[in-house]
>>> print(open('target.tsv').read())   # TSV, C-alpha atoms and all ligand atoms
chain	number	residue	atom	x	y	z
I	311	MET	CA	0.00	0.00	0.00
I	312	LEU	CA	1.27	3.42	-0.92
I	313	GLY	CA	1.45	5.69	2.07
I	314	PHE	CA	1.44	9.41	2.48
I	315	GLY	CA	5.25	9.36	2.39
I	316	PHE	CA	5.23	8.10	-1.20
I	317	PHE	CA	2.85	10.79	-2.38
I	318	SER	CA	4.70	13.56	-0.61
I	319	ALA	CA	7.94	12.28	-2.18
I	320	CYS	CA	6.29	12.38	-5.64
I	321	TRP	CA	5.08	15.90	-4.97
I	322	LEU	CA	8.59	17.02	-3.96
I	323	ILE	CA	10.07	15.47	-7.12
I	324	ALA	CA	7.43	17.19	-9.26
I	325	VAL	CA	8.20	20.54	-7.64
I	326	ALA	CA	11.95	19.98	-8.11
I	327	LEU	CA	11.50	19.09	-11.80
I	328	LYS	CA	9.35	22.15	-12.33
I	329	GLY	CA	12.17	24.21	-10.82
I	330	ILE	CA	14.72	22.69	-13.21
I	331	GLU	CA	12.39	23.28	-16.15
I	332	GLY	CA	11.97	26.89	-15.04
I	333	SER	CA	15.70	27.49	-14.89
I	334	LYS	CA	16.09	26.06	-18.42
I	335	ARG	CA	13.82	28.68	-19.92
I	336	CYS	CA	16.75	30.37	-21.68
I	337	GLU	CA	18.60	28.70	-24.52
I	338	LYS	CA	22.07	27.27	-23.98
I	339	GLY	CA	24.61	30.06	-23.72
I	340	TRP	CA	22.04	32.54	-22.35
I	341	ILE	CA	21.35	33.29	-18.73
I	342	ASP	CA	18.11	34.42	-17.22
I	343	PHE	CA	17.33	37.35	-14.98
I	344	GLU	CA	13.82	38.46	-14.03
I	345	ARG	CA	12.06	36.68	-16.91
I	346	ASN	CA	14.48	37.79	-19.65
I	347	CYS	CA	17.39	35.97	-21.28
I	348	TYR	CA	20.82	37.51	-21.75
I	349	PHE	CA	23.76	36.63	-23.95
I	350	PHE	CA	27.17	38.00	-22.90
I	351	SER	CA	29.58	38.42	-25.81
I	352	HIS	CA	33.02	36.81	-25.80
I	353	ASN	CA	34.49	39.33	-28.24
I	354	ARG	CA	34.53	43.09	-28.58
I	355	VAL	CA	32.94	44.67	-31.63
I	356	SER	CA	31.65	48.01	-32.94
I	357	PHE	CA	28.18	49.21	-31.97
I	358	LYS	CA	26.82	48.30	-35.40
I	359	ASP	CA	28.27	44.78	-35.25
I	360	ALA	CA	26.80	44.33	-31.77
I	361	MET	CA	23.38	45.30	-33.13
I	362	VAL	CA	23.68	42.87	-36.04
I	363	SER	CA	24.92	40.07	-33.79
I	364	CYS	CA	22.06	40.48	-31.31
I	365	HIS	CA	19.51	40.74	-34.11
I	366	ASP	CA	20.86	37.52	-35.66
I	367	LYS	CA	20.38	35.82	-32.29
I	368	GLY	CA	16.75	36.98	-32.12
I	369	GLY	CA	17.38	39.64	-29.49
I	370	ALA	CA	18.54	43.22	-29.21
I	371	VAL	CA	21.43	45.10	-27.63
I	372	LEU	CA	20.66	45.54	-23.93
I	373	GLU	CA	18.65	48.60	-23.01
I	374	LEU	CA	18.84	48.88	-19.25
I	375	GLN	CA	15.42	49.27	-17.65
I	376	ASN	CA	16.31	49.99	-14.05
I	377	GLU	CA	18.99	50.06	-11.36
I	378	ARG	CA	18.52	46.39	-10.49
I	379	GLU	CA	19.29	45.33	-14.03
I	380	GLU	CA	22.27	47.70	-14.13
I	381	LYS	CA	23.72	46.23	-10.92
I	382	TRP	CA	23.20	42.74	-12.31
I	383	LEU	CA	24.95	43.74	-15.56
I	384	ASP	CA	27.86	45.16	-13.55
I	385	LEU	CA	28.24	41.92	-11.55
I	386	HIS	CA	28.14	39.65	-14.61
I	387	SER	CA	30.48	41.91	-16.58
I	388	HIS	CA	33.05	41.59	-13.80
I	389	ILE	CA	32.56	37.82	-13.59
I	390	ARG	CA	33.34	37.62	-17.32
I	391	GLY	CA	36.40	39.82	-17.05
I	392	TYR	CA	34.93	42.62	-19.12
I	393	HIS	CA	36.81	45.89	-18.88
I	394	GLN	CA	36.08	49.44	-20.06
I	395	GLY	CA	32.55	49.50	-21.44
I	396	VAL	CA	29.59	47.38	-22.53
I	397	TRP	CA	27.35	48.59	-25.37
I	398	LEU	CA	23.87	49.76	-24.51
I	399	GLY	CA	21.16	50.07	-27.17
I	400	VAL	CA	21.05	53.86	-26.84
I	401	THR	CA	22.36	56.41	-29.36
I	402	ASP	CA	22.10	60.01	-30.51
I	403	LEU	CA	23.15	59.22	-34.10
I	404	GLN	CA	20.00	60.84	-35.48
I	405	LYS	CA	20.10	64.05	-33.46
I	406	GLU	CA	23.03	65.26	-31.37
I	407	ASN	CA	22.46	65.03	-27.63
I	408	HIS	CA	19.05	63.47	-28.17
I	409	PHE	CA	19.69	59.95	-26.94
I	410	VAL	CA	17.04	57.38	-27.80
I	411	ALA	CA	16.56	53.65	-27.28
I	412	MET	CA	17.19	51.59	-30.43
I	413	SER	CA	14.06	49.49	-29.84
I	414	ASN	CA	11.52	52.31	-30.11
I	415	GLY	CA	13.32	55.58	-30.92
I	416	ARG	CA	12.18	57.10	-27.65
I	417	LYS	CA	14.03	58.65	-24.76
I	418	PRO	CA	14.84	55.79	-22.36
I	419	HIS	CA	12.87	56.01	-19.12
I	420	PHE	CA	15.95	54.83	-17.23
I	421	ILE	CA	19.08	56.91	-17.83
I	422	HIS	CA	22.26	56.87	-15.75
I	423	TRP	CA	25.01	58.99	-17.27
I	424	ALA	CA	28.31	59.28	-15.41
I	425	LYS	CA	29.32	62.72	-14.16
I	426	GLY	CA	30.35	64.87	-17.14
I	427	GLU	CA	28.75	62.46	-19.64
I	428	PRO	CA	27.53	62.43	-22.32
I	429	ASN	CA	30.26	64.82	-23.49
I	430	ASN	CA	30.44	63.93	-27.21
I	431	HIS	CA	34.23	64.05	-26.99
I	432	ALA	CA	35.80	65.39	-30.21
I	433	GLY	CA	32.30	65.43	-31.67
I	434	GLN	CA	32.62	61.67	-32.26
I	435	GLU	CA	30.61	60.00	-29.51
I	436	HIS	CA	27.11	58.88	-30.40
I	437	CYS	CA	26.72	55.47	-28.80
I	438	ALA	CA	26.16	54.71	-25.12
I	439	LEU	CA	28.14	52.25	-23.04
I	440	TYR	CA	27.86	51.07	-19.48
I	441	TRP	CA	31.30	52.05	-18.20
I	442	LEU	CA	32.61	49.63	-15.59
I	443	SER	CA	34.98	51.96	-13.74
I	444	SER	CA	32.28	54.66	-13.47
I	445	LYS	CA	29.42	52.21	-12.78
I	446	ALA	CA	27.44	54.57	-15.01
I	447	TRP	CA	26.99	55.45	-18.68
I	448	HIS	CA	29.37	57.13	-21.11
I	449	ASP	CA	28.86	58.12	-24.73
I	450	GLY	CA	31.64	56.72	-26.92
I	451	SER	CA	32.57	56.41	-30.56
I	452	CYS	CA	30.24	53.90	-32.23
I	453	ASN	CA	33.31	52.49	-34.03
I	454	ARG	CA	35.20	51.55	-30.90
I	455	LYS	CA	35.27	47.87	-29.93
I	456	ALA	CA	33.39	46.87	-26.83
I	457	HIS	CA	31.70	43.85	-25.28
I	458	TYR	CA	27.95	43.68	-25.65
I	459	VAL	CA	24.99	41.94	-24.11
I	460	CYS	CA	21.96	40.78	-26.09
I	461	LYS	CA	18.59	40.56	-24.37
I	462	ILE	CA	15.42	38.71	-25.29
X	1	CA	CA	31.93	60.47	-23.60
>>> encode(input="target.tsv", output="structure tokens")
Amino acid sequence: MLGFGFFSACWLIAVALKGIEGSKRCEKGWIDFERNCYFFSHNRVSFKDAMVSCHDKGGAVLELQNEREEKWLDLHSHIRGYHQGVWLGVTDLQKENHFVAMSNGRKPHFIHWAKGEPNNHAGQEHCALYWLSSKAWHDGSCNRKAHYVCKI
């Protein structure tokens, strides 16, 4: 006869499997955070190449939504040995000093420029990066090479 112990064991296994299934929601090579999946690049590329790469993977260059996500990005960038900056999907290529999100062309509702940024240094900086040493955003040349994170 199957006792209560057997059924409670089955229930625990079912809950555990559901947990495993839940953690496998993102494809291999992507990691999940608050219901989204993120791909951290191994190489450093221009802003345009980062956009193309993320698009090819079915995602888009990370557009930070809030401080929690920014802190999480900072942690994982350090874990991966990133240095300098990480591309964000924010640019003022269309209109100087009018930074918009690539996904919708609108002013991002979360913005976190470092002190003195964006400064459009030498009139050449139109793409935003999360700058690790500042723990805040910089505008940089879109042609520079930087790590990037795709988000789905
Ligand atoms: Ca700058």
>>> residues_near_ligand(input="target.tsv", ligand="ligand CA 1 (chain X)", cutoff="7 Å", atoms="only C-alpha atoms and all ligand atoms", output="NGL selection string")
:I and (427-431 or 435 or 448-450)
>>> write_last_selection(input="target.tsv", atoms="C-alpha atoms", output="CSV table (one decimal), in the coordinates of the input")
chain,number,residue,atom,x,y,z
I,427,GLU,CA,28.8,62.5,-19.6
I,428,PRO,CA,27.5,62.4,-22.3
I,429,ASN,CA,30.3,64.8,-23.5
I,430,ASN,CA,30.4,63.9,-27.2
I,431,HIS,CA,34.2,64.0,-27.0
I,435,GLU,CA,30.6,60.0,-29.5
I,448,HIS,CA,29.4,57.1,-21.1
I,449,ASP,CA,28.9,58.1,-24.7
I,450,GLY,CA,31.6,56.7,-26.9
>>> closest_atom_pairs(input="target.tsv", of="segment 359-435 of chain I", to="segment 343-351 of chain I", cutoff="12 Å", atoms="all atoms listed in the file", output="JSON lines")
{"residue": "I:Asp359", "atom": "CA", "partner": "I:Ser351", "partner_atom": "CA", "distance": 11.5}
{"residue": "I:Ala360", "atom": "CA", "partner": "I:Ser351", "partner_atom": "CA", "distance": 8.8}
{"residue": "I:Met361", "atom": "CA", "partner": "I:Ser351", "partner_atom": "CA", "distance": 11.8}
{"residue": "I:Ser363", "atom": "CA", "partner": "I:Ser351", "partner_atom": "CA", "distance": 9.4}
{"residue": "I:Cys364", "atom": "CA", "partner": "I:Phe349", "partner_atom": "CA", "distance": 8.5}
{"residue": "I:His365", "atom": "CA", "partner": "I:Phe349", "partner_atom": "CA", "distance": 11.8}
{"residue": "I:Lys367", "atom": "CA", "partner": "I:Phe349", "partner_atom": "CA", "distance": 9.0}
{"residue": "I:Gly368", "atom": "CA", "partner": "I:Phe349", "partner_atom": "CA", "distance": 10.8}
{"residue": "I:Gly369", "atom": "CA", "partner": "I:Tyr348", "partner_atom": "CA", "distance": 8.7}
{"residue": "I:Ala370", "atom": "CA", "partner": "I:Tyr348", "partner_atom": "CA", "distance": 9.7}
{"residue": "I:Val371", "atom": "CA", "partner": "I:Phe349", "partner_atom": "CA", "distance": 9.5}
{"residue": "I:Leu372", "atom": "CA", "partner": "I:Tyr348", "partner_atom": "CA", "distance": 8.3}
{"residue": "I:Glu373", "atom": "CA", "partner": "I:Tyr348", "partner_atom": "CA", "distance": 11.4}
{"residue": "I:Leu374", "atom": "CA", "partner": "I:Tyr348", "partner_atom": "CA", "distance": 11.8}
{"residue": "I:Gln375", "atom": "CA", "partner": "I:Glu344", "partner_atom": "CA", "distance": 11.5}
{"residue": "I:Asn376", "atom": "CA", "partner": "I:Glu344", "partner_atom": "CA", "distance": 11.8}
{"residue": "I:Arg378", "atom": "CA", "partner": "I:Glu344", "partner_atom": "CA", "distance": 9.9}
{"residue": "I:Glu379", "atom": "CA", "partner": "I:Phe343", "partner_atom": "CA", "distance": 8.3}
{"residue": "I:Glu380", "atom": "CA", "partner": "I:Phe343", "partner_atom": "CA", "distance": 11.5}
{"residue": "I:Lys381", "atom": "CA", "partner": "I:Phe343", "partner_atom": "CA", "distance": 11.7}
{"residue": "I:Trp382", "atom": "CA", "partner": "I:Phe343", "partner_atom": "CA", "distance": 8.4}
{"residue": "I:Leu383", "atom": "CA", "partner": "I:Phe350", "partner_atom": "CA", "distance": 9.6}
{"residue": "I:Asp384", "atom": "CA", "partner": "I:Phe350", "partner_atom": "CA", "distance": 11.8}
{"residue": "I:His386", "atom": "CA", "partner": "I:Phe350", "partner_atom": "CA", "distance": 8.5}
{"residue": "I:Ser387", "atom": "CA", "partner": "I:Phe350", "partner_atom": "CA", "distance": 8.1}
{"residue": "I:His388", "atom": "CA", "partner": "I:Phe350", "partner_atom": "CA", "distance": 11.4}
{"residue": "I:Ile389", "atom": "CA", "partner": "I:Phe350", "partner_atom": "CA", "distance": 10.8}
{"residue": "I:Arg390", "atom": "CA", "partner": "I:Phe350", "partner_atom": "CA", "distance": 8.3}
{"residue": "I:Gly391", "atom": "CA", "partner": "I:Phe350", "partner_atom": "CA", "distance": 11.1}
{"residue": "I:Tyr392", "atom": "CA", "partner": "I:Ser351", "partner_atom": "CA", "distance": 9.5}
{"residue": "I:Val396", "atom": "CA", "partner": "I:Ser351", "partner_atom": "CA", "distance": 9.5}
{"residue": "I:Trp397", "atom": "CA", "partner": "I:Ser351", "partner_atom": "CA", "distance": 10.4}
>>> atom_distance(input="target.tsv", atom1="atom CA of Asp342 of chain I", atom2="atom CA of Leu385 of chain I")
13.8 Å
>>> closest_residue(input="target.tsv", among="I:Tyr440, I:Met412, I:Ala446, I:Ser451", to="Gly426 of chain I", atoms="all atoms listed in the file")
I:Ala446
>>> closest_residue(input="target.tsv", among="I:Ala424, I:Val362, I:Cys437, I:Ala432", to="Gln404 of chain I", atoms="only C-alpha atoms")
I:Cys437
>>> closest_residue(input="target.tsv", among="I:His436, I:Lys425, I:Gln394, I:Val400", to="Ala456 of chain I", atoms="all atoms listed in the file")
I:Gln394
>>> atom_distance(input="target.tsv", atom1="atom CA of Tyr458 of chain I", atom2="atom CA of Ser444 of chain I")
17.0 Å
>>> atom_distance(input="target.tsv", atom1="atom CA of Phe357 of chain I", atom2="atom CA of Cys460 of chain I")
12.0 Å
>>> residues_around(input="target.tsv", residues="Ser356 of chain I", least_positions_apart="2", cutoff="6 Å", atoms="all atoms listed in the file", output="list in words")
Lys358, Asp359, Asn453, Arg454 and Lys455 of chain I
>>> write_last_selection(input="target.tsv", atoms="C-alpha atoms", output="PDB file, in the coordinates of the input")
ATOM      1  CA  LYS I 358      26.820  48.300 -35.400  1.00  0.00           C
ATOM      2  CA  ASP I 359      28.270  44.780 -35.250  1.00  0.00           C
ATOM      3  CA  ASN I 453      33.310  52.490 -34.030  1.00  0.00           C
ATOM      4  CA  ARG I 454      35.200  51.550 -30.900  1.00  0.00           C
ATOM      5  CA  LYS I 455      35.270  47.870 -29.930  1.00  0.00           C
TER       6      LYS I 455
END
>>> residues_near_point(input="target.tsv", point="(18.9, 54.4, -15.3)", cutoff="6 Å", atoms="only C-alpha atoms", output="list in words")
Asn376, Glu377, Phe420, Ile421 and His422 of chain I
>>> axis_aligned_box(input="target.tsv", around="segment 361-371 of chain I", padding_each_side="4 Å", output="AutoDock Vina command-line options")
--center_x 20.8 --center_y 40.6 --center_z -31.8 --size_x 16.2 --size_y 17.5 --size_z 16.4
>>> decode(input="target.tsv", residues="segment 426-450 of chain I", atoms="C-alpha atoms", output="compact mmCIF listing (two decimals), in the first residue's frame")
# COMPACT_ATOMS: atom_id res chain seq x y z
CA GLY I 426 30.35 64.87 -17.14
CA GLU I 427 28.75 62.46 -19.64
CA PRO I 428 27.53 62.43 -22.32
CA ASN I 429 30.26 64.82 -23.49
CA ASN I 430 30.44 63.93 -27.21
CA HIS I 431 34.23 64.05 -26.99
CA ALA I 432 35.80 65.39 -30.21
CA GLY I 433 32.30 65.43 -31.67
CA GLN I 434 32.62 61.67 -32.26
CA GLU I 435 30.61 60.00 -29.51
CA HIS I 436 27.11 58.88 -30.40
CA CYS I 437 26.72 55.47 -28.80
CA ALA I 438 26.16 54.71 -25.12
CA LEU I 439 28.14 52.25 -23.04
CA TYR I 440 27.86 51.07 -19.48
CA TRP I 441 31.30 52.05 -18.20
CA LEU I 442 32.61 49.63 -15.59
CA SER I 443 34.98 51.96 -13.74
CA SER I 444 32.28 54.66 -13.47
CA LYS I 445 29.42 52.21 -12.78
CA ALA I 446 27.44 54.57 -15.01
CA TRP I 447 26.99 55.45 -18.68
CA HIS I 448 29.37 57.13 -21.11
CA ASP I 449 28.86 58.12 -24.73
CA GLY I 450 31.64 56.72 -26.92
